[in-house]
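Notes follow once the structure below has been shown.
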Amino acid sequence: MGTGGATGVGDGTGRLAGNRTRRALEVHWLGRVDYAAAMALQDDLVRRRRRGEAPDTLLLLEHPPVITLGRGGDARHVLAGRDELDRRGIELHETGRGGDVTYHGPGQLVGYPVLALPPGRRDAHRYLRDLEELLIRAVRGYGVHAGRVAGLTGVWVGRDKLAAIGVRLATGWITSHGFALNVTTDLAGFGAIVPCGISGRGVTSLARLLGRAPRLEQVAARVAAQAVAILGSAPAGRFERPEPREAIDGRPVAGA
Amino acid sequence: MRVDVVMPQMGESIAEGTITRWLKQRGERVERDEPIFEISTDKVDAEIPSPARGVLVEIRHGAGDTVQVNGIVAVIDTGDGAETRPDTAAPRAAREPAPAPPEGGAAARAAAAAPAGPAPARGRDGGAFVSPVVQRIAAEHGIDPQAVPGTGAGGRVTKKDILAWLEASGAPPAEAPARPAAGPAAAERAATPARGAVQPDAPAFEPGKPVARVPLTTMRRKIAEHMVESRRTSAHVHSVFEADVSRLVALRARHRQAYLERHGTKLTFMAFFIKAVCDGLRAWPILNSSLEGDEIVYKKDLNIGIAVALDWGLIVPVIHNADELSVAGLCKRVNDLAERARAKKLNLDEVQNGTFTITNPGAFGGLLGLPIINQPQVAILGVGGIQKRPVVIDDAIAIRSMVYLALSYDHRVVDGAVADQFLARLQQALERFDESLL
């Protein structure tokens, strides 16, 4: 798999930990999960994280086609009517995350970090920048030079958005929701919305940029490695040998 | 006891938040740390917990309202009897219980200054803070400072506000209001539509204390960080040219009235400078770029920021695609942005995505200034004061209106030869400004 120091994800276990701190980031690959089920899972995890019953966790998964509206969402940014959405098999959900409207579908890597931000990191905008950073670094490994656009949170390649970000902070600075990175997503799904309410810009995917289709699990592993580096307090260097652990739904974390 | 619920600060560079919904209604009981409303800032939606246990007796801002950090959004009555305690010698936001997501780290970063002194009045809607100077003036005239409309940050009542209010209500002011800094030939100022500088409220020193500690406002901290970071990032070099703008002065005098009548806006020198800069940037596009890692990122659009001095700091609203506007269009944009900047009514997108900045260090009578680059740009133009000077033309001495153009640029990316040729081009464009453009 070869993503440098973080090897925990690759060997079928869930736990990656820094050796200088106790703040482990547990990563779980869940495969394809219904949006509603994922939300329920997340809410439960947020509660358990707040009570200290769960560690900082990153859920990586993909959704069947769904359009979601953030709290700041404008329903006018959903261009297709309910009938058409039904016909195309796309669900519609309202959520408690920030941001406007976005589309999720197969081939898109969705990440929900559920973390308790420690006192030194309680900065909502810094957290957004951290999420952008981990994705930017993850795709750099594929030779893609993605970046930021000031004022437009997300990961961009030129004028096109490669990854969307929308976050919820629950009491106690517990994060939920997160990011959605287009790997082999069918970008036609975005035609039904004005993504994040921003017209005049497009969307893109890793597959479109590379001219080939990377495996979702492999991308997930790279994203996980960057997440540990940036969201965890793990310094560069050695990681503890993880113990074998089951993922939340009983499935072990997939290898690359 | 009444406890204020305030808009928390969700991050160092975040100055306000928008309420997305209330989770509790007026009259409902709330527990300490129970989520009572939600806010959004950029792509983040956050639950905000109650600072105290009691009854939510007042909701001052509803869903959709944007409130400054530390602005009061609601009030909780804990039912413990005592009336509002006045803060004595403590920054407003640091009182117990800290109204912010738990640990209250954000609340300790007070947005309002609070030097120790006679007990400052508790803030009202929007957290209007009253400084000891204003308190003193108010006391002298027997009025309630809270009754005075404030134009300062967050509705703050400034010294100017209370003196203006007193004057308007017929009471003679106890002391003369601060005069704006005078400068020669004010009509010749190449201003972003200028008002004079206002003397900041003098700090109130407690008897016996040689210092008065005033916490930084959010804006001040942002400015401080940006300036230092910019110096650390760019290899600042400065080049100074001067341009003969007698022609521009004459053009402006000639067309001013017509502009007011036909376009409803003041013809400002800044519009000429922006036009010249756009022409220069098209000829030397490296000055409209950014350095990211080891790539020079050329920007296609000319988004010109114009620095506006505020009573309490500075801000740089941006004119996007400035090259697509006519002189009249530029005047309107410049005047509108400057006015709204001073009224704190700019939208987020109006201060973003600038590619080049123009500032006017000559606005208060100075010859020139050497500004700090506005990151992540690679250059900034400082326009000095327009002043009549004796100059040599064809071996004779003439009196001309001259202006210094000082370009600060990042030598990592821009070399002196480029900077100077850009400035030379600006100089030419200004000296030969095409009247038909007006």
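As shown in the structure tokens, the chain order sets the letters A, B, ...; within each chain, residues go from 1, and ligands are also counted from 1 in the order they appear.
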Report task. Tell me, as a PyMOL selection string, which residues lie within 12 Å of stretch 426-435 of chain B, counting only C-alpha atoms; anything in the same chain fewer than 2 positions away does not count. Result -> chain B and resi 240-252+254-255+269-284+327+381+383+400-407+419-424+437-438
Report as a PDB file with C-alpha atoms, in the first residue's frame the set of chain B residues whose atoms approach chain A to within 10 Å, with distances computed over only C-alpha atoms.
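What landed in iface06.pdb:
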```
ATOM      1  CA  GLN B   9     -16.438  32.984  18.727  1.00  0.00           C
ATOM      2  CA  MET B  10     -16.058  29.840  16.704  1.00  0.00           C
ATOM      3  CA  GLY B  11     -12.516  30.578  15.617  1.00  0.00           C
ATOM      4  CA  GLU B  12      -9.804  33.169  15.753  1.00  0.00           C
ATOM      5  CA  SER B  13     -10.634  34.764  12.473  1.00  0.00           C
ATOM      6  CA  ILE B  14     -14.394  34.595  12.873  1.00  0.00           C
ATOM      7  CA  THR B  18     -25.600  33.639  11.832  1.00  0.00           C
ATOM      8  CA  THR B  20     -29.897  29.212  11.937  1.00  0.00           C
ATOM      9  CA  ARG B  21     -32.464  28.101  14.447  1.00  0.00           C
ATOM     10  CA  ASP B  33     -24.744  23.219  28.616  1.00  0.00           C
ATOM     11  CA  GLU B  34     -27.965  22.151  26.972  1.00  0.00           C
ATOM     12  CA  PRO B  35     -27.990  23.209  23.290  1.00  0.00           C
ATOM     13  CA  ILE B  36     -30.297  26.179  22.909  1.00  0.00           C
ATOM     14  CA  GLU B  38     -27.618  26.737  16.329  1.00  0.00           C
ATOM     15  CA  ILE B  39     -25.434  29.004  14.268  1.00  0.00           C
ATOM     16  CA  SER B  40     -23.647  28.751  11.010  1.00  0.00           C
ATOM     17  CA  THR B  41     -20.397  30.193   9.795  1.00  0.00           C
ATOM     18  CA  ASP B  42     -19.099  29.216   6.364  1.00  0.00           C
ATOM     19  CA  LYS B  43     -19.635  25.485   6.026  1.00  0.00           C
ATOM     20  CA  VAL B  44     -20.024  24.825   9.689  1.00  0.00           C
ATOM     21  CA  ASP B  45     -23.232  24.480  11.611  1.00  0.00           C
ATOM     22  CA  ALA B  46     -22.747  24.477  15.355  1.00  0.00           C
ATOM     23  CA  GLU B  47     -24.915  23.834  18.391  1.00  0.00           C
ATOM     24  CA  ILE B  48     -24.473  26.404  21.103  1.00  0.00           C
ATOM     25  CA  PRO B  49     -25.013  25.386  24.704  1.00  0.00           C
ATOM     26  CA  SER B  50     -26.679  27.406  27.396  1.00  0.00           C
ATOM     27  CA  GLY B  64     -31.413  34.329   9.968  1.00  0.00           C
ATOM     28  CA  ALA B 100     -19.430  29.751  24.793  1.00  0.00           C
ATOM     29  CA  PRO B 101     -19.061  26.097  23.907  1.00  0.00           C
ATOM     30  CA  PRO B 102     -17.769  24.434  27.104  1.00  0.00           C
ATOM     31  CA  GLU B 103     -14.405  25.461  28.518  1.00  0.00           C
ATOM     32  CA  GLY B 104     -15.265  28.988  27.436  1.00  0.00           C
ATOM     33  CA  GLY B 105     -11.963  29.440  25.673  1.00  0.00           C
ATOM     34  CA  ALA B 106     -13.591  31.422  22.920  1.00  0.00           C
ATOM     35  CA  GLU B 292       1.732  28.770  -4.092  1.00  0.00           C
ATOM     36  CA  LEU B 348     -18.080  38.432   2.755  1.00  0.00           C
ATOM     37  CA  ASP B 349     -17.580  38.051  -0.977  1.00  0.00           C
ATOM     38  CA  VAL B 351     -13.548  41.337   0.695  1.00  0.00           C
ATOM     39  CA  GLN B 352     -12.368  38.173  -0.979  1.00  0.00           C
ATOM     40  CA  ASN B 353     -10.446  37.037  -4.007  1.00  0.00           C
ATOM     41  CA  GLY B 354      -8.519  40.250  -4.491  1.00  0.00           C
TER      42      GLY B 354
END
```
Report task. Using DSSP on the backbone coordinates, identify all residues within stretch 340-429 of chain B classified as alpha helix (DSSP H); present the result as a ChimeraX atom specification. Result -> /B:340-342,416-429
Requested in this report: Go through A:Ala54, A:Ala163, A:Thr95, A:Val46 and flag the residue nearest A:Ile136, using only C-alpha atoms for the distances.
Outcome: A:Ala163
Query raised in the report: atom CA of B:Asn374 and atom CA of B:Ser234, how far apart in Å?
Result: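 Atom CA of B:Asn374 lies 9.9 Å from atom CA of B:Ser234.
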Report task. Could you please determine the separation between atom CA of A:Arg32 and atom CA of A:Gly158 in Å, to one decimal place? Result ->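 Answer for the atom CA of A:Arg32 to atom CA of A:Gly158 separation: 29.5 Å.
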Report task. Go ahead and compute the interatomic distance for atom CA of B:Val308 and atom CA of B:Met227, in Å to one decimal. Result ->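 Taking atom CA of B:Val308 and atom CA of B:Met227, their separation equals 15.7 Å.
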Report task. Please provide as a PyMOL selection string all residues within 8 Å of stretch 33-44 of chain A, with the sequence filter that same-chain residues fewer than 4 positions apart are discarded (counting only C-alpha atoms). Result -> chain A and resi 48+61-64+66+112+114+176-177
Query - Residue neighbourhood A:Leu209, 10 Å, only C-alpha atoms, exclusion window fewer than 5 positions, as a ChimeraX atom specification - result: /A:142-144,157,162,183,204
Query - Polymer residues at most 7 Å from B:Thr66, only C-alpha atoms, same-chain spacing of 5 or more positions, as a ChimeraX atom specification - result: /B:16-19
Written selection (N, CA and C atoms) as a compact mmCIF listing (two decimals), in the first residue's frame:
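Written file, again31.txt:
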```txt
# COMPACT_ATOMS: atom_id res chain seq x y z
N GLU B 16 -18.26 36.95 13.48
CA GLU B 16 -19.71 36.97 13.66
C GLU B 16 -20.27 35.59 13.36
N GLY B 17 -21.54 35.41 13.66
CA GLY B 17 -22.18 34.13 13.35
C GLY B 17 -23.63 34.40 12.98
N THR B 18 -24.20 33.49 12.23
CA THR B 18 -25.60 33.64 11.83
C THR B 18 -26.42 32.58 12.53
N ILE B 19 -27.48 33.01 13.18
CA ILE B 19 -28.35 32.06 13.89
C ILE B 19 -29.14 31.30 12.84
```
Query raised in the report: So which residues of stretch 268-414 of chain B fall under strand (DSSP E) by DSSP, listed as a ChimeraX atom specification?
Result: /B:289-292,295-298,304-306,308-310,313-315,318-319,356-359,379-383,387-393,396-410
Output of the above residues as a PDB file, in the first residue's frame, restricted to C-alpha atoms:
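Heads up, here's the output in out.pdb:
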```
ATOM      1  CA  SER B 289      -0.372  36.462  -9.419  1.00  0.00           C
ATOM      2  CA  SER B 290       0.276  34.440  -6.282  1.00  0.00           C
ATOM      3  CA  LEU B 291       3.041  32.133  -5.266  1.00  0.00           C
ATOM      4  CA  GLU B 292       1.732  28.770  -4.092  1.00  0.00           C
ATOM      5  CA  GLU B 295       4.039  27.427  -8.645  1.00  0.00           C
ATOM      6  CA  ILE B 296       3.264  30.921  -9.782  1.00  0.00           C
ATOM      7  CA  VAL B 297      -0.490  31.135 -10.074  1.00  0.00           C
ATOM      8  CA  TYR B 298      -1.504  33.750 -12.586  1.00  0.00           C
ATOM      9  CA  ILE B 304      -8.549  45.229  -7.337  1.00  0.00           C
ATOM     10  CA  GLY B 305      -8.746  45.760  -3.611  1.00  0.00           C
ATOM     11  CA  ILE B 306      -8.882  49.267  -2.286  1.00  0.00           C
ATOM     12  CA  VAL B 308     -10.242  51.750   3.351  1.00  0.00           C
ATOM     13  CA  ALA B 309      -9.212  53.297   6.652  1.00  0.00           C
ATOM     14  CA  LEU B 310     -11.786  52.731   9.344  1.00  0.00           C
ATOM     15  CA  GLY B 313      -8.696  49.579  11.754  1.00  0.00           C
ATOM     16  CA  LEU B 314      -8.701  48.951   8.064  1.00  0.00           C
ATOM     17  CA  ILE B 315     -10.376  46.695   5.547  1.00  0.00           C
ATOM     18  CA  VAL B 318     -12.471  44.283  -3.658  1.00  0.00           C
ATOM     19  CA  ILE B 319     -13.702  45.461  -7.037  1.00  0.00           C
ATOM     20  CA  PHE B 356      -3.909  43.314  -6.403  1.00  0.00           C
ATOM     21  CA  THR B 357      -4.347  46.075  -3.847  1.00  0.00           C
ATOM     22  CA  ILE B 358      -4.210  49.852  -3.965  1.00  0.00           C
ATOM     23  CA  THR B 359      -3.809  51.851  -0.800  1.00  0.00           C
ATOM     24  CA  ALA B 379       2.370  43.502  -5.013  1.00  0.00           C
ATOM     25  CA  ILE B 380       0.575  46.519  -3.577  1.00  0.00           C
ATOM     26  CA  LEU B 381       0.513  50.091  -4.838  1.00  0.00           C
ATOM     27  CA  GLY B 382       0.715  52.925  -2.342  1.00  0.00           C
ATOM     28  CA  VAL B 383      -0.544  56.182  -3.794  1.00  0.00           C
ATOM     29  CA  GLN B 387       0.687  67.919  -4.018  1.00  0.00           C
ATOM     30  CA  LYS B 388       1.793  70.869  -6.050  1.00  0.00           C
ATOM     31  CA  ARG B 389       5.539  70.873  -6.426  1.00  0.00           C
ATOM     32  CA  PRO B 390       8.071  72.689  -8.492  1.00  0.00           C
ATOM     33  CA  VAL B 391       9.394  70.340 -11.149  1.00  0.00           C
ATOM     34  CA  VAL B 392      11.707  70.616 -14.103  1.00  0.00           C
ATOM     35  CA  ILE B 393      10.124  70.474 -17.553  1.00  0.00           C
ATOM     36  CA  ALA B 396      12.408  75.226 -16.883  1.00  0.00           C
ATOM     37  CA  ILE B 397      10.731  75.122 -13.539  1.00  0.00           C
ATOM     38  CA  ALA B 398       6.972  74.599 -13.489  1.00  0.00           C
ATOM     39  CA  ILE B 399       4.481  74.076 -10.722  1.00  0.00           C
ATOM     40  CA  ARG B 400       2.683  70.805 -11.282  1.00  0.00           C
ATOM     41  CA  SER B 401       0.436  68.503  -9.292  1.00  0.00           C
ATOM     42  CA  MET B 402       2.594  65.512  -8.515  1.00  0.00           C
ATOM     43  CA  VAL B 403       2.004  62.215  -6.822  1.00  0.00           C
ATOM     44  CA  TYR B 404       4.392  59.538  -5.601  1.00  0.00           C
ATOM     45  CA  LEU B 405       3.570  55.973  -6.606  1.00  0.00           C
ATOM     46  CA  ALA B 406       5.214  53.462  -4.305  1.00  0.00           C
ATOM     47  CA  LEU B 407       5.016  49.824  -5.288  1.00  0.00           C
ATOM     48  CA  SER B 408       5.834  47.200  -2.685  1.00  0.00           C
ATOM     49  CA  TYR B 409       6.438  43.890  -4.378  1.00  0.00           C
ATOM     50  CA  ASP B 410       7.529  40.361  -3.607  1.00  0.00           C
TER      51      ASP B 410
END
```
